[in-house]
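Worksheet: one structure, shown below.
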Amino acid sequence: MATKSKGSRGGTDDVTRRVSTPTETALTNAIVDAVAALRDEDPTDIEFKLYEHVDTESLARLARDGAGNPLTWTVTFPVEDVEVTVSCDEDLRVRVR
């Protein structure tokens with residue numbers, strides 16, 4: 001599920017993706033897809049290496065360990081010109097702004 005929020009300037013201020021499976025691949029794809037959507041680019045055109053900005057394996061481990069657990073957490077990190085927030089309460093979500 002994807003959500004885009006419009007900003008006061010008429011552009012998109014943030015993009016949110018729900019991650020249904022807490023795997024490294026699903027989480028990485030959701031982050032890259034959200035960054036691409038925010039920039040209005042194709043995900044295959046994204047040139048950054050996500051692993052240079054965050055330890056994707058550790059992030060996925062945190063997501064797997066938190067699945068079905070009452071644990072609530074949030075991790076925020078910069079990726080080039082955007083801020084990525086991965087959070088887990090009842091759902092695992094990626095928000096890019």
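Letters for chains follow the order of the structure tokens (A, B, ...), residue numbers begin at 1 for each chain, and ligand numbers begin at 1 in the order shown.
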Applying 12 Å and only C-alpha atoms, which residues near Glu80 (chain A) remain after dropping the ones on its own chain fewer than 6 positions away? List them as a VMD selection string.
chain A and resid 32 35 39 46 to 50 52 to 54 96 to 97
Take the residues from that selection and put them in a file with C-alpha atoms, as a PDB file, in the first residue's frame.
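Below you can see part-v1.pdb, which holds the result:
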```
ATOM      1  CA  VAL A  32      14.084   2.332  -2.911  1.00  0.00           C
ATOM      2  CA  VAL A  35      12.570   7.282  -2.646  1.00  0.00           C
ATOM      3  CA  ARG A  39      11.579  11.985  -6.664  1.00  0.00           C
ATOM      4  CA  ILE A  46      18.083   5.120  -8.548  1.00  0.00           C
ATOM      5  CA  GLU A  47      21.877   5.230  -8.352  1.00  0.00           C
ATOM      6  CA  PHE A  48      22.567   5.224  -4.594  1.00  0.00           C
ATOM      7  CA  LYS A  49      23.624   2.109  -2.705  1.00  0.00           C
ATOM      8  CA  LEU A  50      21.286   1.754   0.271  1.00  0.00           C
ATOM      9  CA  GLU A  52      26.101   2.805   2.213  1.00  0.00           C
ATOM     10  CA  HIS A  53      23.468   4.632   4.287  1.00  0.00           C
ATOM     11  CA  VAL A  54      22.127   1.940   6.614  1.00  0.00           C
ATOM     12  CA  VAL A  96      10.411   9.009   2.895  1.00  0.00           C
ATOM     13  CA  ARG A  97      10.406  12.797   2.911  1.00  0.00           C
TER      14      ARG A  97
END
```
May I have all residues of chain A that DSSP, computed from the backbone, assigns to strand (DSSP E), given as a tab-separated table (two decimals) with C-alpha atoms, in the first residue's frame?
```
chain	number	residue	atom	x	y	z
A	2	ALA	CA	1.40	3.38	-0.99
A	3	THR	CA	0.50	6.81	0.26
A	4	LYS	CA	1.63	10.21	-1.03
A	5	SER	CA	1.09	13.44	0.86
A	6	LYS	CA	0.88	16.76	-0.97
A	12	THR	CA	4.81	15.59	-2.81
A	13	ASP	CA	6.28	16.03	0.67
A	14	ASP	CA	6.40	12.37	1.65
A	15	VAL	CA	5.74	8.84	0.47
A	16	THR	CA	4.79	5.93	2.72
A	17	ARG	CA	5.01	2.23	1.92
A	18	ARG	CA	3.64	-0.63	4.03
A	19	VAL	CA	5.94	-3.66	4.11
A	73	TRP	CA	10.36	1.18	17.21
A	74	THR	CA	11.47	3.80	14.70
A	75	VAL	CA	14.76	4.19	12.80
A	76	THR	CA	15.46	7.37	10.80
A	77	PHE	CA	18.46	7.93	8.53
A	78	PRO	CA	19.43	10.18	5.61
A	79	VAL	CA	19.75	8.88	2.06
A	82	VAL	CA	15.83	12.61	1.63
A	83	GLU	CA	15.07	11.35	5.12
A	84	VAL	CA	13.97	7.71	5.47
A	85	THR	CA	12.01	6.52	8.50
A	86	VAL	CA	11.28	2.84	9.05
A	87	SER	CA	8.81	2.19	11.85
A	88	CYS	CA	7.02	-0.74	13.37
A	92	LEU	CA	5.98	-2.22	9.28
A	93	ARG	CA	6.19	1.03	7.31
A	94	VAL	CA	8.70	3.04	5.32
A	95	ARG	CA	8.24	6.81	5.08
A	96	VAL	CA	10.41	9.01	2.90
```
Top pick for closest residue to Ser58 (chain A), considering A:Thr21, A:Thr28, A:Thr44, A:Thr72 and counting only C-alpha atoms
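With only C-alpha atoms as the atom set, the closest residue is A:Thr28.
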Distance in Å - CA of Asp89 (chain A) versus CA of Asp55 (chain A)
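The value is 20.5 Å.
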Picked from region 9-64 of chain A by DSSP as alpha helix (DSSP H), as a ChimeraX atom specification
/A:24-39,56-64
Same residues, C-alpha atoms, output as a PDB file, in the first residue's frame:
```pdb
ATOM      1  CA  GLU A  24      15.785  -7.599   3.854  1.00  0.00           C
ATOM      2  CA  THR A  25      14.709  -7.704   0.191  1.00  0.00           C
ATOM      3  CA  ALA A  26      11.148  -6.503   0.854  1.00  0.00           C
ATOM      4  CA  LEU A  27      12.347  -3.714   3.139  1.00  0.00           C
ATOM      5  CA  THR A  28      15.093  -2.606   0.739  1.00  0.00           C
ATOM      6  CA  ASN A  29      12.670  -2.621  -2.206  1.00  0.00           C
ATOM      7  CA  ALA A  30      10.126  -0.575  -0.236  1.00  0.00           C
ATOM      8  CA  ILE A  31      12.755   2.041   0.661  1.00  0.00           C
ATOM      9  CA  VAL A  32      14.084   2.332  -2.911  1.00  0.00           C
ATOM     10  CA  ASP A  33      10.534   2.422  -4.311  1.00  0.00           C
ATOM     11  CA  ALA A  34       9.487   5.163  -1.867  1.00  0.00           C
ATOM     12  CA  VAL A  35      12.570   7.282  -2.646  1.00  0.00           C
ATOM     13  CA  ALA A  36      11.921   6.879  -6.375  1.00  0.00           C
ATOM     14  CA  ALA A  37       8.244   7.802  -5.964  1.00  0.00           C
ATOM     15  CA  LEU A  38       9.126  10.909  -3.970  1.00  0.00           C
ATOM     16  CA  ARG A  39      11.579  11.985  -6.664  1.00  0.00           C
ATOM     17  CA  THR A  56      19.984  -3.284   5.724  1.00  0.00           C
ATOM     18  CA  GLU A  57      20.605  -6.691   7.300  1.00  0.00           C
ATOM     19  CA  SER A  58      20.318  -5.262  10.824  1.00  0.00           C
ATOM     20  CA  LEU A  59      17.241  -3.270   9.872  1.00  0.00           C
ATOM     21  CA  ALA A  60      15.582  -6.419   8.505  1.00  0.00           C
ATOM     22  CA  ARG A  61      16.573  -8.365  11.625  1.00  0.00           C
ATOM     23  CA  LEU A  62      14.946  -5.695  13.779  1.00  0.00           C
ATOM     24  CA  ALA A  63      11.815  -5.921  11.620  1.00  0.00           C
ATOM     25  CA  ARG A  64      11.699  -9.731  11.837  1.00  0.00           C
TER      26      ARG A  64
END
```
